[in-house]
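Here is entry-v2.pdb, consisting of PDB, C-alpha atoms:
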ATOM      1  CA  MET A   1     -39.308   3.906 -53.987
ATOM      2  CA  THR A   2     -41.378   3.279 -50.886
ATOM      3  CA  ASP A   3     -39.905   4.239 -47.501
ATOM      4  CA  VAL A   4     -39.942   1.633 -44.746
ATOM      5  CA  PRO A   5     -41.981   3.064 -41.841
ATOM      6  CA  GLY A   6     -39.771   3.971 -38.865
ATOM      7  CA  LYS A   7     -36.474   3.330 -40.671
ATOM      8  CA  ALA A   8     -35.572   7.000 -40.822
ATOM      9  CA  ARG A   9     -36.144   7.299 -37.088
ATOM     10  CA  ARG A  10     -34.055   4.249 -36.138
ATOM     11  CA  PHE A  11     -30.788   6.213 -35.675
ATOM     12  CA  THR A  12     -31.937   9.551 -34.373
ATOM     13  CA  PRO A  13     -29.387  11.755 -32.560
ATOM     14  CA  GLN A  14     -31.079  10.979 -29.256
ATOM     15  CA  ARG A  15     -30.848   7.225 -29.754
ATOM     16  CA  LEU A  16     -27.249   7.500 -30.920
ATOM     17  CA  ALA A  17     -26.392   9.503 -27.799
ATOM     18  CA  VAL A  18     -27.990   6.872 -25.570
ATOM     19  CA  PHE A  19     -26.086   4.120 -27.404
ATOM     20  CA  LEU A  20     -22.777   5.942 -26.932
ATOM     21  CA  LEU A  21     -23.492   6.529 -23.254
ATOM     22  CA  VAL A  22     -24.137   2.821 -22.759
ATOM     23  CA  VAL A  23     -20.885   1.912 -24.540
ATOM     24  CA  VAL A  24     -18.874   4.442 -22.513
ATOM     25  CA  GLY A  25     -20.497   3.207 -19.316
ATOM     26  CA  LEU A  26     -19.556  -0.401 -20.093
ATOM     27  CA  VAL A  27     -15.968   0.596 -20.907
ATOM     28  CA  LEU A  28     -15.645   2.565 -17.644
ATOM     29  CA  TRP A  29     -17.213  -0.287 -15.687
ATOM     30  CA  GLU A  30     -14.602  -2.678 -17.022
ATOM     31  CA  ALA A  31     -11.760  -0.184 -16.502
ATOM     32  CA  GLN A  32     -12.523   0.367 -12.824
ATOM     33  CA  LYS A  33     -12.272  -3.352 -12.051
ATOM     34  CA  LYS A  34      -9.122  -4.500 -10.278
ATOM     35  CA  ILE A  35      -7.385  -7.027 -12.531
ATOM     36  CA  PRO A  36      -4.888  -9.187 -10.586
ATOM     37  CA  SER A  37      -1.317  -9.236 -11.848
ATOM     38  CA  GLY A  38       0.122 -12.652 -12.504
ATOM     39  CA  PRO A  39       3.612 -13.920 -11.729
ATOM     40  CA  ALA A  40       6.690 -12.429 -13.367
ATOM     41  CA  GLU A  41      10.455 -12.712 -13.118
ATOM     42  CA  GLY A  42      13.663 -11.265 -14.432
ATOM     43  CA  SER A  43      17.399 -10.987 -13.908
ATOM     44  CA  THR A  44      17.924  -7.216 -13.992
ATOM     45  CA  LEU A  45      16.444  -4.210 -12.229
ATOM     46  CA  GLU A  46      15.368  -0.920 -13.770
ATOM     47  CA  GLY A  47      17.225   2.356 -13.403
ATOM     48  CA  SER A  48      20.803   3.105 -12.492
ATOM     49  CA  PRO A  49      23.563   3.335 -11.269
ATOM     50  CA  ALA A  50      25.176  -0.063 -11.317
ATOM     51  CA  ALA A  51      25.013  -2.254  -8.222
ATOM     52  CA  THR A  52      27.693  -2.016  -5.548
ATOM     53  CA  GLN A  53      28.465  -3.677  -2.225
ATOM     54  CA  PRO A  54      28.106  -2.211   1.288
ATOM     55  CA  ALA A  55      31.389  -0.786   2.526
ATOM     56  CA  GLY A  56      31.221  -2.644   5.861
ATOM     57  CA  PRO A  57      30.295  -6.124   7.075
ATOM     58  CA  THR A  58      26.724  -5.135   7.960
ATOM     59  CA  LEU A  59      23.672  -4.977   5.722
ATOM     60  CA  ARG A  60      21.185  -2.146   6.312
ATOM     61  CA  VAL A  61      17.664  -3.051   5.210
ATOM     62  CA  ALA A  62      14.333  -1.279   5.643
ATOM     63  CA  THR A  63      10.652  -1.726   4.905
ATOM     64  CA  PHE A  64       8.271   1.182   4.394
ATOM     65  CA  ASN A  65       4.544   1.393   3.656
ATOM     66  CA  ILE A  66       4.480   4.763   1.889
ATOM     67  CA  ALA A  67       0.667   5.060   1.712
ATOM     68  CA  GLY A  68       0.810   5.994  -1.948
ATOM     69  CA  GLY A  69       3.143   8.908  -1.264
ATOM     70  CA  ALA A  70       0.296  10.867   0.288
ATOM     71  CA  GLU A  71       2.653  12.938   2.441
ATOM     72  CA  GLY A  72       5.102  13.598  -0.396
ATOM     73  CA  LEU A  73       7.556  11.304  -2.137
ATOM     74  CA  ASP A  74      10.450  13.609  -1.289
ATOM     75  CA  HIS A  75       9.829  12.855   2.409
ATOM     76  CA  VAL A  76       9.675   9.140   1.589
ATOM     77  CA  ALA A  77      13.014   9.303  -0.234
ATOM     78  CA  HIS A  78      14.592  11.217   2.635
ATOM     79  CA  ALA A  79      13.469   8.615   5.175
ATOM     80  CA  ALA A  80      14.656   5.725   2.961
ATOM     81  CA  SER A  81      18.110   7.120   2.213
ATOM     82  CA  GLY A  82      21.222   5.420   3.537
ATOM     83  CA  PHE A  83      19.993   1.814   3.303
ATOM     84  CA  ASP A  84      21.396  -0.960   1.139
ATOM     85  CA  LEU A  85      17.968  -2.388   0.353
ATOM     86  CA  VAL A  86      14.476  -0.989   0.933
ATOM     87  CA  GLY A  87      11.118  -2.674   0.394
ATOM     88  CA  PHE A  88       8.166  -0.384  -0.283
ATOM     89  CA  GLN A  89       4.456  -1.122   0.040
ATOM     90  CA  GLU A  90       1.420   0.766  -1.314
ATOM     91  CA  VAL A  91       3.331   2.125  -4.282
ATOM     92  CA  HIS A  92       0.919   3.747  -6.734
ATOM     93  CA  GLY A  93       2.292   3.127 -10.200
ATOM     94  CA  ILE A  94       5.679   2.731 -11.777
ATOM     95  CA  GLY A  95       6.206   6.505 -11.723
ATOM     96  CA  GLN A  96       6.574   6.498  -7.946
ATOM     97  CA  SER A  97       9.104   3.656  -8.192
ATOM     98  CA  GLU A  98      11.109   5.636 -10.737
ATOM     99  CA  PHE A  99      11.053   8.758  -8.547
ATOM    100  CA  LEU A 100      12.323   6.860  -5.506
ATOM    101  CA  SER A 101      14.971   5.090  -7.581
ATOM    102  CA  GLN A 102      16.287   8.366  -8.958
ATOM    103  CA  ASN A 103      16.361  10.066  -5.552
ATOM    104  CA  LEU A 104      17.929   7.096  -3.768
ATOM    105  CA  HIS A 105      20.385   6.505  -6.646
ATOM    106  CA  GLN A 106      19.524   2.814  -6.664
ATOM    107  CA  PRO A 107      18.010   0.482  -9.282
ATOM    108  CA  TYR A 108      14.461  -0.703  -8.594
ATOM    109  CA  VAL A 109      11.870  -3.356  -9.307
ATOM    110  CA  TYR A 110       8.139  -2.591  -9.286
ATOM    111  CA  ALA A 111       5.759  -5.479  -8.584
ATOM    112  CA  PRO A 112       2.150  -4.386  -9.206
ATOM    113  CA  VAL A 113      -0.514  -6.509  -7.555
ATOM    114  CA  GLU A 114      -3.216  -5.322  -9.954
ATOM    115  CA  SER A 115      -4.138  -3.146 -12.916
ATOM    116  CA  ARG A 116      -6.941  -0.584 -12.847
ATOM    117  CA  TRP A 117      -7.966   2.259 -15.156
ATOM    118  CA  TRP A 118      -5.644   0.868 -17.848
ATOM    119  CA  PHE A 119      -2.419   0.994 -15.842
ATOM    120  CA  LYS A 120      -0.591  -0.992 -13.167
ATOM    121  CA  SER A 121      -1.950   0.987 -10.303
ATOM    122  CA  PHE A 122      -0.836  -0.459  -6.973
ATOM    123  CA  GLY A 123       1.786  -2.778  -5.539
ATOM    124  CA  ASN A 124       5.150  -3.346  -3.898
ATOM    125  CA  ALA A 125       8.597  -2.186  -4.949
ATOM    126  CA  SER A 126      12.212  -2.415  -3.917
ATOM    127  CA  ALA A 127      15.274  -0.236  -4.417
ATOM    128  CA  THR A 128      18.740  -1.593  -3.764
ATOM    129  CA  ASP A 129      22.356  -1.150  -4.708
ATOM    130  CA  LEU A 130      23.109  -4.831  -4.104
ATOM    131  CA  PRO A 131      23.919  -6.963  -7.149
ATOM    132  CA  ILE A 132      20.716  -8.829  -8.096
ATOM    133  CA  GLN A 133      20.937 -12.236  -9.738
ATOM    134  CA  HIS A 134      17.200 -12.853 -10.088
ATOM    135  CA  TRP A 135      13.818 -11.469  -9.021
ATOM    136  CA  GLN A 136      10.297 -12.897  -8.942
ATOM    137  CA  ARG A 137       6.795 -11.489  -8.463
ATOM    138  CA  ILE A 138       4.669 -14.136  -6.735
ATOM    139  CA  PRO A 139       0.890 -13.617  -6.201
ATOM    140  CA  ILE A 140      -0.296 -14.801  -2.777
ATOM    141  CA  SER A 141      -4.034 -13.933  -2.724
ATOM    142  CA  SER A 142      -6.794 -16.437  -3.398
ATOM    143  CA  ASN A 143      -8.855 -16.194  -6.574
ATOM    144  CA  ASP A 144     -11.953 -14.938  -4.738
ATOM    145  CA  SER A 145     -10.151 -12.378  -2.573
ATOM    146  CA  ASP A 146     -11.406  -8.786  -2.435
ATOM    147  CA  SER A 147      -7.839  -7.485  -2.614
ATOM    148  CA  ASN A 148      -4.726  -8.567  -4.468
ATOM    149  CA  ARG A 149      -1.359  -9.135  -2.828
ATOM    150  CA  ASN A 150       2.036 -10.478  -3.841
ATOM    151  CA  VAL A 151       5.542 -11.034  -2.583
ATOM    152  CA  ILE A 152       8.799  -9.992  -4.246
ATOM    153  CA  LEU A 153      11.606 -12.551  -4.072
ATOM    154  CA  LEU A 154      15.083 -11.119  -4.690
ATOM    155  CA  ARG A 155      18.226 -13.193  -4.974
ATOM    156  CA  ALA A 156      21.039 -10.771  -4.221
ATOM    157  CA  MET A 157      24.747 -10.879  -3.403
ATOM    158  CA  PHE A 158      26.141  -9.646  -0.110
ATOM    159  CA  ALA A 159      29.689 -10.202   1.155
ATOM    160  CA  ASP A 160      30.294 -12.542  -1.797
ATOM    161  CA  GLU A 161      27.414 -14.741  -0.678
ATOM    162  CA  PRO A 162      23.925 -15.150  -2.206
ATOM    163  CA  ILE A 163      21.047 -14.032   0.013
ATOM    164  CA  ASN A 164      17.272 -14.338  -0.452
ATOM    165  CA  VAL A 165      14.981 -11.404   0.322
ATOM    166  CA  LEU A 166      11.168 -11.425   0.483
ATOM    167  CA  ILE A 167       9.126  -8.201   0.467
ATOM    168  CA  THR A 168       5.363  -8.302   0.971
ATOM    169  CA  HIS A 169       2.196  -6.559   2.117
ATOM    170  CA  ILE A 170      -0.339  -8.815   3.840
ATOM    171  CA  ASP A 171      -4.084  -8.232   3.540
ATOM    172  CA  ARG A 172      -5.945  -7.480   6.766
ATOM    173  CA  GLN A 173      -9.221  -9.101   5.690
ATOM    174  CA  GLN A 174     -10.242 -12.586   4.562
ATOM    175  CA  ASP A 175      -6.847 -13.749   3.223
ATOM    176  CA  HIS A 176      -4.783 -12.505   6.168
ATOM    177  CA  ALA A 177      -4.008 -15.864   7.773
ATOM    178  CA  THR A 178      -3.542 -17.705   4.477
ATOM    179  CA  GLU A 179      -1.160 -15.095   3.096
ATOM    180  CA  ILE A 180       0.957 -15.016   6.259
ATOM    181  CA  ARG A 181       1.141 -18.803   6.267
ATOM    182  CA  ASN A 182       2.140 -18.957   2.611
ATOM    183  CA  VAL A 183       4.792 -16.259   2.942
ATOM    184  CA  ALA A 184       6.169 -17.738   6.178
ATOM    185  CA  ASN A 185       6.436 -21.188   4.605
ATOM    186  CA  LEU A 186       8.230 -19.727   1.602
ATOM    187  CA  PHE A 187      10.625 -17.851   3.875
ATOM    188  CA  LEU A 188      11.412 -20.963   5.914
ATOM    189  CA  SER A 189      11.982 -22.982   2.732
ATOM    190  CA  LEU A 190      14.591 -20.599   1.325
ATOM    191  CA  GLN A 191      18.279 -21.242   1.689
ATOM    192  CA  GLU A 192      19.957 -19.108   4.342
ATOM    193  CA  PRO A 193      20.798 -16.271   4.619
ATOM    194  CA  ALA A 194      17.230 -15.051   4.075
ATOM    195  CA  ILE A 195      15.188 -11.967   4.971
ATOM    196  CA  LEU A 196      11.409 -11.479   5.111
ATOM    197  CA  MET A 197      10.044  -7.972   5.567
ATOM    198  CA  GLY A 198       6.971  -5.899   4.918
ATOM    199  CA  ASP A 199       3.651  -4.670   6.265
ATOM    200  CA  PHE A 200       2.004  -7.672   7.928
ATOM    201  CA  ASN A 201      -1.055  -5.804   9.256
ATOM    202  CA  LEU A 202      -0.531  -7.352  12.674
ATOM    203  CA  THR A 203      -2.290  -6.434  15.881
ATOM    204  CA  GLU A 204      -0.657  -6.396  19.279
ATOM    205  CA  GLY A 205      -2.191  -8.392  22.100
ATOM    206  CA  ALA A 206      -2.728  -7.155  25.663
ATOM    207  CA  SER A 207       0.564  -8.713  26.770
ATOM    208  CA  GLY A 208       2.496  -6.827  24.100
ATOM    209  CA  HIS A 209       3.033  -9.951  21.992
ATOM    210  CA  ASP A 210       1.690 -10.655  18.503
ATOM    211  CA  ASN A 211      -1.968 -11.526  18.462
ATOM    212  CA  ASP A 212      -1.387 -13.849  15.500
ATOM    213  CA  PRO A 213      -0.601 -17.571  15.886
ATOM    214  CA  ASP A 214       1.131 -17.868  12.504
ATOM    215  CA  ILE A 215       3.530 -15.017  13.247
ATOM    216  CA  ALA A 216       4.132 -16.419  16.730
ATOM    217  CA  ALA A 217       4.995 -19.767  15.134
ATOM    218  CA  LEU A 218       7.332 -18.042  12.684
ATOM    219  CA  VAL A 219       9.133 -16.147  15.457
ATOM    220  CA  ASN A 220       9.580 -19.383  17.379
ATOM    221  CA  SER A 221      10.965 -21.254  14.358
ATOM    222  CA  ARG A 222      14.556 -22.356  14.665
ATOM    223  CA  GLY A 223      17.077 -19.776  13.538
ATOM    224  CA  VAL A 224      14.567 -16.947  12.962
ATOM    225  CA  ILE A 225      15.392 -13.534  14.412
ATOM    226  CA  ASP A 226      12.867 -10.717  14.868
ATOM    227  CA  PRO A 227      14.912  -7.560  15.580
ATOM    228  CA  ILE A 228      11.995  -5.135  15.809
ATOM    229  CA  GLY A 229       9.361  -7.287  17.488
ATOM    230  CA  LYS A 230       6.450  -4.883  17.176
ATOM    231  CA  ALA A 231       3.188  -4.785  15.283
ATOM    232  CA  TYR A 232       2.455  -4.079  11.609
ATOM    233  CA  ASP A 233       5.839  -3.502   9.907
ATOM    234  CA  ARG A 234       8.417  -6.199  10.576
ATOM    235  CA  ILE A 235      11.731  -7.662   9.492
ATOM    236  CA  PHE A 236      12.525 -11.357  10.026
ATOM    237  CA  ALA A 237      15.812 -13.026   9.115
ATOM    238  CA  ARG A 238      17.609 -16.365   9.097
ATOM    239  CA  GLY A 239      21.352 -16.804   8.852
ATOM    240  CA  PHE A 240      21.895 -13.283  10.221
ATOM    241  CA  VAL A 241      22.454 -11.695  13.606
ATOM    242  CA  ALA A 242      20.904  -8.331  14.410
ATOM    243  CA  VAL A 243      23.312  -5.508  15.162
ATOM    244  CA  ASN A 244      20.688  -2.780  15.541
ATOM    245  CA  SER A 245      17.117  -1.963  14.558
ATOM    246  CA  GLY A 246      14.414   0.628  14.965
ATOM    247  CA  TYR A 247      11.936   2.975  13.323
ATOM    248  CA  VAL A 248      12.302   6.243  11.430
ATOM    249  CA  GLU A 249       9.485   8.737  11.969
ATOM    250  CA  GLU A 250       9.642  11.253   9.117
ATOM    251  CA  HIS A 251       5.900  11.917   8.835
ATOM    252  CA  ALA A 252       6.262  10.694   5.254
ATOM    253  CA  SER A 253       3.421   8.189   5.722
ATOM    254  CA  ASP A 254       0.932   6.907   8.271
ATOM    255  CA  HIS A 255       3.544   4.176   8.877
ATOM    256  CA  PRO A 256       7.083   4.641  10.157
ATOM    257  CA  LEU A 257       9.989   3.177   8.251
ATOM    258  CA  ALA A 258      11.208   0.014   9.990
ATOM    259  CA  TRP A 259      14.888  -0.868   9.647
ATOM    260  CA  ALA A 260      17.445  -3.387  10.788
ATOM    261  CA  GLU A 261      21.210  -3.635  10.563
ATOM    262  CA  LEU A 262      22.197  -7.270  10.003
ATOM    263  CA  ARG A 263      25.437  -9.221   9.948
ATOM    264  CA  LEU A 264      25.960 -12.687   8.536
ATOM    265  CA  ALA A 265      25.891 -15.348  11.223
ATOM    266  CA  GLN A 266      28.986 -17.461  11.674
ATOM    267  CA  PRO A 267      28.595 -21.037  10.391
TER     268      PRO A 267
END
Now that the file is in, can you turn its structure into structure tokens?
Amino acid sequence: MTDVPGKARRFTPQRLAVFLLVVVGLVLWEAQKKIPSGPAEGSTLEGSPAATQPAGPTLRVATFNIAGGAEGLDHVAHAASGFDLVGFQEVHGIGQSEFLSQNLHQPYVYAPVESRWWFKSFGNASATDLPIQHWQRIPISSNDSDSNRNVILLRAMFADEPINVLITHIDRQQDHATEIRNVANLFLSLQEPAILMGDFNLTEGASGHDNDPDIAALVNSRGVIDPIGKAYDRIFARGFVAVNSGYVEEHASDHPLAWAELRLAQP
């Protein structure tokens, strides 16, 4: 039998090693890409205990960009305790949502904006003890955006009345204006009572007012209240009156927790 010249050398250990390195490199290249999460919805939250109702006539809500829990999730949980509903931004993975749910003793929903390195790596979340009828995860970024963003829509019950809650984190780059406009329009289209809260990545103008025409238009829309009225992290509402509001500085993040105490407006 005559050997084919070069055939024995075709799969040398060196060539096999190079081939494997190329394959591994391609796999890692694909894994590091940010894959946008699509829409999703459901009728139940994860975790326990069962939903309850606030003891009084006021609803205590908060929004908190936790910066991935960089300063410690125990500090985040401490700052977020005592509220009926909290929206979280920059949550890194479902594990952080589970930790906060367990420490706050409230069910949760995690809404990843993207997947990376084979898991749902980054997104928004909410923990609440309000009865939830329905939830939705709605993408709001354009197809060519460098970052991925979404909004959580919760339909909850408060004081025997359905309320709509939106939780979001707005990009600060190319999609900033479009995302704010889309979220604001959605908020204004919802049946009252309705709440919109999150990290809007706003800047404050020299006069102390928002340096953003879309937010200014939202604030000036009929029936909209803006209890906090400061940059970045905000809470807007319709069909409510504000009883109190403020910030909690727990050094749990590079953002404070923003909160508002709301009461249903009289018809």
Take atom CA of A:Asn220 and atom CA of A:Ile180 and report the distance between them in Å, one decimal.
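About the pair atom CA of A:Asn220 and atom CA of A:Ile180: they are 14.7 Å apart.
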Running the PyMOL selection byres ((chain A and resi 184-187) around 9) on this model by hand, what would come out? Give it as a PyMOL selection string.
chain A and resi 164-166+179-183+188-191+194-196+214-215+218+237-238
Reference answer for the PyMOL selection byres ((chain A and resi 171) around 9), as an NGL selection string:
:A and (141 or 147-149 or 169-170 or 172-177 or 179-180 or 199-201)
Given the file shown, enumerate the residues that the PyMOL selection byres ((chain A and resi 103) around 9) captures and present them as a list in words.
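Checked against the file, the PyMOL selection byres ((chain A and resi 103) around 9) matches Asp74, Ala77, His78, Ser81, Glu98, Phe99, Leu100, Ser101, Gln102, Leu104, His105 and Gln106 of chain A.
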Write out, as a CSV table (one decimal), in the frame of the given file, the residues just selected, with C-alpha atoms.
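Written file, out.csv:
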chain,number,residue,atom,x,y,z
A,74,ASP,CA,10.4,13.6,-1.3
A,77,ALA,CA,13.0,9.3,-0.2
A,78,HIS,CA,14.6,11.2,2.6
A,81,SER,CA,18.1,7.1,2.2
A,98,GLU,CA,11.1,5.6,-10.7
A,99,PHE,CA,11.1,8.8,-8.5
A,100,LEU,CA,12.3,6.9,-5.5
A,101,SER,CA,15.0,5.1,-7.6
A,102,GLN,CA,16.3,8.4,-9.0
A,104,LEU,CA,17.9,7.1,-3.8
A,105,HIS,CA,20.4,6.5,-6.6
A,106,GLN,CA,19.5,2.8,-6.7
Among listed residues A:Leu130, A:Val219, A:Val76, A:Leu21, nearest A:Glu249 (using only C-alpha atoms)
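Using only C-alpha atoms, A:Glu249 sits closest to A:Val76.
What separates atom CA of A:Ser245 from atom CA of A:Leu154 is a distance of 21.4 Å.
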Report the distance between atom CA of A:Gly123 and atom CA of A:Ile66 in Å, rounded to one decimal place.
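Atom CA of A:Ile66 lies 10.9 Å from atom CA of A:Gly123.
Among A:Phe122, A:Trp259, A:Phe64, A:Phe83, the residue with the shortest atom-to-atom distance to A:Gln96, counting only C-alpha atoms, is A:Phe122.
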Can you work out which one of A:Asp84, A:Gly223, A:Ser126, A:Thr168 has the shortest atom-to-atom distance to A:Thr58, counting only C-alpha atoms?
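Smallest distance to A:Thr58 is found for A:Asp84.
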Selected residue, from A:Ile138, A:Val61, A:Ala265, A:Ala40, that lies nearest to A:Gly239 when counting all atoms listed in the file
A:Ala265
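Nearest-residue note for A:Pro267: choosing from A:Pro57, A:Pro193, A:Gly47, A:Gly87, the minimum distance belongs to A:Pro193, counting all atoms listed in the file.
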Among listed residues A:Ala111, A:Ala260, A:Met157, A:Ala216, nearest A:Ala62 (using only C-alpha atoms)
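The answer is A:Ala260, which sits nearest to A:Ala62.
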Would you kindly return, as a list in words, each protein, DNA or RNA residue with an atom no farther than 12 Å from any atom of stretch 52-56 of chain A, considering only C-alpha atoms and excluding same-chain residues fewer than 2 positions away?
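In the requested format, the answer is Ser48, Pro49, Ala50, Thr58, Leu59, Arg60, Val61, Gly82, Phe83, Asp84, Leu85, His105, Gln106, Pro107, Thr128, Asp129, Leu130, Pro131, Ile132, Ala156, Met157, Phe158, Ala159, Asp160, Glu161, Glu261, Leu262, Arg263 and Leu264 of chain A.
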Excluding A:Gly68 and any residue of its chain fewer than 5 positions from it, enumerate the residues within 10 Å of it, using all atoms listed in the file, and give them as a compact mmCIF listing (two decimals) with C-alpha atoms, in the coordinates of the input.
# COMPACT_ATOMS: atom_id res chain seq x y z
CA LEU A 73 7.56 11.30 -2.14
CA PHE A 88 8.17 -0.38 -0.28
CA GLN A 89 4.46 -1.12 0.04
CA GLU A 90 1.42 0.77 -1.31
CA VAL A 91 3.33 2.12 -4.28
CA HIS A 92 0.92 3.75 -6.73
CA GLY A 93 2.29 3.13 -10.20
CA GLN A 96 6.57 6.50 -7.95
CA PHE A 122 -0.84 -0.46 -6.97
CA GLY A 123 1.79 -2.78 -5.54
CA SER A 253 3.42 8.19 5.72
Test item: axis-aligned box, all listed atoms of stretch 95-113 of chain A, 8 Å on each side, centre and edges in Å rounded to one decimal, as JSON:
{"center_x": 9.9, "center_y": 1.8, "center_z": -7.7, "size_x": 36.9, "size_y": 32.6, "size_z": 24.0}
